[in-house]
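Printed here is coords.cif (mmCIF, C-alpha atoms and all ligand atoms):
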data_run
#
loop_
_atom_site.group_PDB
_atom_site.id
_atom_site.type_symbol
_atom_site.label_atom_id
_atom_site.label_comp_id
_atom_site.auth_asym_id
_atom_site.auth_seq_id
_atom_site.Cartn_x
_atom_site.Cartn_y
_atom_site.Cartn_z
ATOM 1 C CA MET A 50 -13.517 15.292 -3.016
ATOM 2 C CA PRO A 51 -11.015 18.143 -3.383
ATOM 3 C CA VAL A 52 -12.460 20.940 -5.478
ATOM 4 C CA SER A 53 -10.446 23.571 -7.305
ATOM 5 C CA LYS A 54 -11.223 27.283 -7.125
ATOM 6 C CA SER A 55 -12.940 27.030 -10.505
ATOM 7 C CA GLY A 56 -15.321 24.485 -9.009
ATOM 8 C CA GLY A 57 -14.107 21.442 -10.951
ATOM 9 C CA PRO A 58 -12.353 18.451 -9.458
ATOM 10 C CA SER A 59 -8.741 19.169 -8.578
ATOM 11 C CA PHE A 60 -6.399 16.543 -9.922
ATOM 12 C CA PRO A 61 -3.046 15.955 -8.265
ATOM 13 C CA LYS A 62 -0.016 17.504 -9.848
ATOM 14 C CA LYS A 63 2.167 15.071 -11.726
ATOM 15 C CA LYS A 64 4.837 15.344 -9.047
ATOM 16 C CA ASP A 65 2.338 13.987 -6.535
ATOM 17 C CA TRP A 66 1.843 10.762 -8.473
ATOM 18 C CA PRO A 67 3.367 7.568 -7.106
ATOM 19 C CA THR A 68 6.821 6.976 -8.538
ATOM 20 C CA LEU A 69 7.241 3.248 -7.897
ATOM 21 C CA THR A 70 5.417 0.207 -9.239
ATOM 22 C CA PHE A 71 4.340 -2.603 -6.963
ATOM 23 C CA LYS A 72 6.942 -4.759 -8.685
ATOM 24 C CA GLN A 73 9.742 -2.385 -7.678
ATOM 25 C CA ILE A 74 8.547 -2.293 -4.075
ATOM 26 C CA ALA A 75 8.040 -6.074 -3.931
ATOM 27 C CA ARG A 76 11.570 -6.635 -5.246
ATOM 28 C CA ASN A 77 12.940 -4.441 -2.468
ATOM 29 C CA THR A 78 10.919 -6.345 0.108
ATOM 30 C CA SER A 79 12.882 -8.912 2.102
ATOM 31 C CA GLN A 80 12.489 -12.604 1.323
ATOM 32 C CA SER A 81 11.402 -13.236 4.905
ATOM 33 C CA ARG A 82 8.409 -10.953 4.432
ATOM 34 C CA HIS A 83 7.495 -12.717 1.202
ATOM 35 C CA ASP A 84 7.747 -16.048 3.053
ATOM 36 C CA LEU A 85 5.725 -14.837 6.045
ATOM 37 C CA SER A 86 3.032 -13.429 3.737
ATOM 38 C CA HIS A 87 1.853 -17.002 3.102
ATOM 39 C CA GLN A 88 0.749 -17.226 6.757
ATOM 40 C CA VAL A 89 -1.362 -14.071 6.519
ATOM 41 C CA LYS A 90 -5.127 -14.427 6.256
ATOM 42 C CA VAL A 91 -6.943 -11.869 4.115
ATOM 43 C CA LEU A 92 -10.510 -11.104 5.237
ATOM 44 C CA ASN A 93 -13.294 -8.830 4.015
ATOM 45 C CA LEU A 94 -11.529 -8.272 0.725
ATOM 46 C CA LYS A 95 -13.064 -5.429 -1.220
ATOM 47 C CA PHE A 96 -11.921 -4.414 -4.660
ATOM 48 C CA GLY A 97 -13.186 -1.887 -7.145
ATOM 49 C CA LEU A 98 -12.867 1.561 -8.580
ATOM 50 C CA SER A 99 -11.922 4.091 -5.980
ATOM 51 C CA LYS A 100 -14.373 6.937 -5.503
ATOM 52 C CA THR A 101 -11.894 9.064 -3.604
ATOM 53 C CA ALA A 102 -8.627 8.582 -5.465
ATOM 54 C CA TYR A 103 -7.293 10.666 -8.316
ATOM 55 C CA PRO A 104 -7.270 10.230 -11.174
ATOM 56 C CA ALA A 105 -10.824 9.010 -10.641
ATOM 57 C CA GLY A 106 -11.268 5.334 -11.264
ATOM 58 C CA ASN A 107 -8.037 4.053 -9.802
ATOM 59 C CA LEU A 108 -8.380 0.482 -8.625
ATOM 60 C CA LEU A 109 -8.424 0.022 -4.884
ATOM 61 C CA GLY A 110 -8.129 -3.196 -2.903
ATOM 62 C CA VAL A 111 -8.804 -3.094 0.833
ATOM 63 C CA ALA A 112 -8.884 -5.923 3.351
ATOM 64 C CA ARG A 113 -8.462 -6.861 6.991
ATOM 65 C CA THR A 114 -5.350 -8.959 7.459
ATOM 66 C CA TYR A 115 -3.988 -11.023 10.319
ATOM 67 C CA THR A 116 -1.599 -13.844 11.058
ATOM 68 C CA PRO A 117 -3.151 -16.744 13.005
ATOM 69 C CA ASP A 118 -0.983 -18.229 15.782
ATOM 70 C CA THR A 119 1.110 -15.062 15.870
ATOM 71 C CA SER A 120 -1.244 -12.317 16.919
ATOM 72 C CA TYR A 121 -4.934 -11.663 17.386
ATOM 73 C CA LEU A 122 -4.456 -8.164 15.970
ATOM 74 C CA ARG A 123 -6.137 -7.409 12.672
ATOM 75 C CA TYR A 124 -4.878 -4.731 10.350
ATOM 76 C CA THR A 125 -6.366 -2.608 7.607
ATOM 77 C CA THR A 126 -4.342 -3.073 4.434
ATOM 78 C CA SER A 127 -4.837 -1.345 1.097
ATOM 79 C CA ILE A 128 -3.338 -1.165 -2.373
ATOM 80 C CA GLU A 129 -4.343 1.627 -4.726
ATOM 81 C CA ILE A 130 -3.260 0.999 -8.309
ATOM 82 C CA TRP A 131 -2.427 4.027 -10.444
ATOM 83 C CA PRO A 132 -1.776 4.124 -14.183
ATOM 84 C CA GLY A 133 1.358 2.197 -15.121
ATOM 85 C CA ASP A 134 0.995 -0.098 -12.077
ATOM 86 C CA LYS A 135 2.320 2.631 -9.800
ATOM 87 C CA VAL A 136 0.861 2.135 -6.336
ATOM 88 C CA LYS A 137 -0.083 3.812 -3.102
ATOM 89 C CA LEU A 138 0.153 1.428 -0.181
ATOM 90 C CA SER A 139 -1.111 1.454 3.356
ATOM 91 C CA CYS A 140 -1.200 -0.923 6.320
ATOM 92 C CA SER A 141 -1.955 -0.280 9.973
ATOM 93 C CA CYS A 142 0.639 -2.794 11.251
ATOM 94 C CA ASP A 143 3.741 -1.754 13.190
ATOM 95 C CA ASP A 144 6.136 -2.914 10.462
ATOM 96 C CA PHE A 145 4.536 -0.550 7.947
ATOM 97 C CA LYS A 146 4.019 2.240 10.450
ATOM 98 C CA TYR A 147 7.534 2.277 11.874
ATOM 99 C CA ARG A 148 9.590 1.405 8.775
ATOM 100 C CA TRP A 149 7.902 1.796 5.414
ATOM 101 C CA GLU A 150 5.175 4.446 5.496
ATOM 102 C CA TYR A 151 7.541 7.410 5.585
ATOM 103 C CA ALA A 152 9.974 5.910 3.038
ATOM 104 C CA LEU A 153 7.087 5.239 0.644
ATOM 105 C CA TRP A 154 5.599 8.665 1.310
ATOM 106 C CA LEU A 155 8.896 10.202 0.131
ATOM 107 C CA ARG A 156 8.143 8.576 -3.245
ATOM 108 C CA ASN A 157 4.421 9.464 -3.246
ATOM 109 C CA CYS A 158 3.665 5.782 -2.726
ATOM 110 C CA ALA A 159 1.926 6.237 0.635
ATOM 111 C CA ASP A 160 0.117 8.869 2.608
ATOM 112 C CA ILE A 161 1.096 9.588 6.195
ATOM 113 C CA ILE A 162 -1.777 7.884 8.003
ATOM 114 C CA TYR A 163 -0.494 5.628 10.764
ATOM 115 C CA SER A 164 2.987 6.975 11.519
ATOM 116 C CA ASN A 165 3.786 10.257 13.197
ATOM 117 C CA GLY A 166 5.287 11.586 9.960
ATOM 118 C CA GLU A 167 8.846 11.629 11.247
ATOM 119 C CA PRO A 168 11.612 9.818 9.359
ATOM 120 C CA PRO A 169 12.313 6.306 10.749
ATOM 121 C CA LEU A 170 16.002 7.030 11.315
ATOM 122 C CA VAL A 171 16.598 3.979 13.512
ATOM 123 C CA THR A 172 14.404 1.362 11.821
ATOM 124 C CA ASN A 173 14.928 2.385 8.177
ATOM 125 C CA GLY A 174 17.692 4.940 8.057
ATOM 126 C CA ILE A 175 18.325 4.488 4.342
ATOM 127 C CA MET A 176 14.612 5.002 3.607
ATOM 128 C CA LYS A 177 14.343 1.772 1.660
ATOM 129 C CA PRO A 178 10.882 1.428 0.065
ATOM 130 C CA MET A 179 9.542 -1.929 1.161
ATOM 131 C CA ALA A 180 6.168 -3.491 1.899
ATOM 132 C CA CYS A 181 4.999 -5.445 4.928
ATOM 133 C CA LYS A 182 3.889 -9.080 4.709
ATOM 134 C CA HIS A 183 0.219 -8.007 4.776
ATOM 135 C CA LEU A 184 0.603 -5.971 1.588
ATOM 136 C CA ILE A 185 2.323 -8.870 -0.174
ATOM 137 C CA ALA A 186 -0.502 -11.140 1.036
ATOM 138 C CA LEU A 187 -3.177 -8.690 -0.151
ATOM 139 C CA HIS A 188 -1.577 -8.496 -3.598
ATOM 140 C CA ASN A 189 -1.410 -12.301 -3.787
ATOM 141 C CA ALA A 190 -5.049 -12.615 -2.677
ATOM 142 C CA LEU A 191 -6.173 -10.176 -5.374
ATOM 143 C CA VAL A 192 -4.297 -12.218 -7.974
ATOM 144 C CA LEU A 193 -5.668 -15.521 -6.619
ATOM 145 C CA LYS A 194 -9.239 -14.247 -6.775
ATOM 146 C CA GLY A 195 -8.711 -13.098 -10.345
ATOM 147 C CA LYS A 196 -9.216 -9.413 -9.507
ATOM 148 C CA ILE A 197 -5.871 -8.343 -10.998
ATOM 149 C CA SER A 198 -3.053 -9.923 -12.925
ATOM 150 C CA SER A 199 0.130 -10.220 -10.941
ATOM 151 C CA LEU A 200 1.936 -6.917 -10.518
ATOM 152 C CA VAL A 201 5.268 -8.604 -9.779
HETATM 153 ZN ZN ZN B 1 1.189 -4.710 7.391
#
Could the structure of this file be written out as C-alpha cells, please?
Amino acid sequence: MPVSKSGGPSFPKKKDWPTLTFKQIARNTSQSRHDLSHQVKVLNLKFGLSKTAYPAGNLLGVARTYTPDTSYLRYTTSIEIWPGDKVKLSCSCDDFKYRWEYALWLRNCADIIYSNGEPPLVTNGIMKPMACKHLIALHNALVLKGKISSLV
C-alpha cells in the first residue's frame, strides 16, 4: 500500500485515473476478437473488492483464460472497475502485450506489466485502445455469473 509522507494512504491524482470505460474499449475492439472471445474458457474466476487498488474498494475480476484447440497456454486476465465504469485492464497474452497494453497505459487504463513499455509502433501505430479476446471473455463471464451488470 503506498503511504504518503503524512502517513495516510496516498490516493492517485485525478490525472492518474482511467479515462475510458469498458464500453468505449469494447466498442473499439475488433469484431473478430468479440467473436473469438466465445471460444475462450475462463478458469479460477475470482471477483471482489480490491485490497490494493485505489480508491480502495474498486471491484477486481481476475481469472486464468485459455482457448482450447488453439493453444495450451493459459493467461492471467484482469479487469479492475473504477467509479463510472472506467477500467484498468491487464492480460498476459501476446495480443495484449504487443498491441494494447501501451495504448491503454497512455489513457491510464493499464499498467505496464507484460510489455517492455515501448510504444507498439508496428503493431498499433495509431495507439488504438482495444482489448484482447480474453478480456472480452472475462467481462462476459462476470456478467454470466451475475457478478456485474454488463458494462457494454
Ligand atoms: Zn489476452
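The space between atom CA of A:Lys182 and atom CA of A:Ser86 spans 4.5 Å.
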- Please evaluate the PyMOL selection byres (((not hetatm)) within 12 of (chain B and resi 1)) against the displayed coordinates and give the resulting residues as a VMD selection string. chain A and resid 82 to 83 85 to 86 89 to 91 112 to 116 122 to 128 138 to 150 163 179 to 188
- Apply the PyMOL selection byres (((chain A and resi 156) around 10) and not hetatm) to the file shown and report the selected residues as a list of chain:residue names. A:Lys64, A:Asp65, A:Trp66, A:Pro67, A:Thr68, A:Leu69, A:Lys137, A:Tyr151, A:Ala152, A:Leu153, A:Trp154, A:Leu155, A:Asn157, A:Cys158, A:Ala159, A:Asp160, A:Pro178
- Task: Would you mind listing what lies within 12 Å of A:Lys196 as a count of residues only, with all atoms listed in the file counted and same-chain residues fewer than 6 positions away left out?
- Result: 12
- For A:Val201: contacts at 12 Å, only C-alpha atoms, fewer than 3 positions along chain excluded, given as number ranges by chain: A: 70-78, 83, 134-135, 185, 188-189, 192, 197-198
- Pairwise distance for atom CA of A:Lys177 and atom CA of A:Ser79, rounded to one decimal in Å: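 Answer for the atom CA of A:Lys177 to atom CA of A:Ser79 separation: 10.8 Å.
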- Query: What does the distance from atom CA of A:Thr119 to atom CA of A:Gln80 come to in Å, to one decimal?
  - Reply: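 For atom CA of A:Thr119 relative to atom CA of A:Gln80, the distance reads 18.6 Å.
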- Task: Determine, counting all atoms listed in the file, which protein, DNA and RNA residues have an atom within 7 Å of an atom of A:Asn107; residues of the same chain fewer than 6 positions away are not included. Present the result as a PyMOL selection string.
- Result: chain A and resi 98-99+129-131
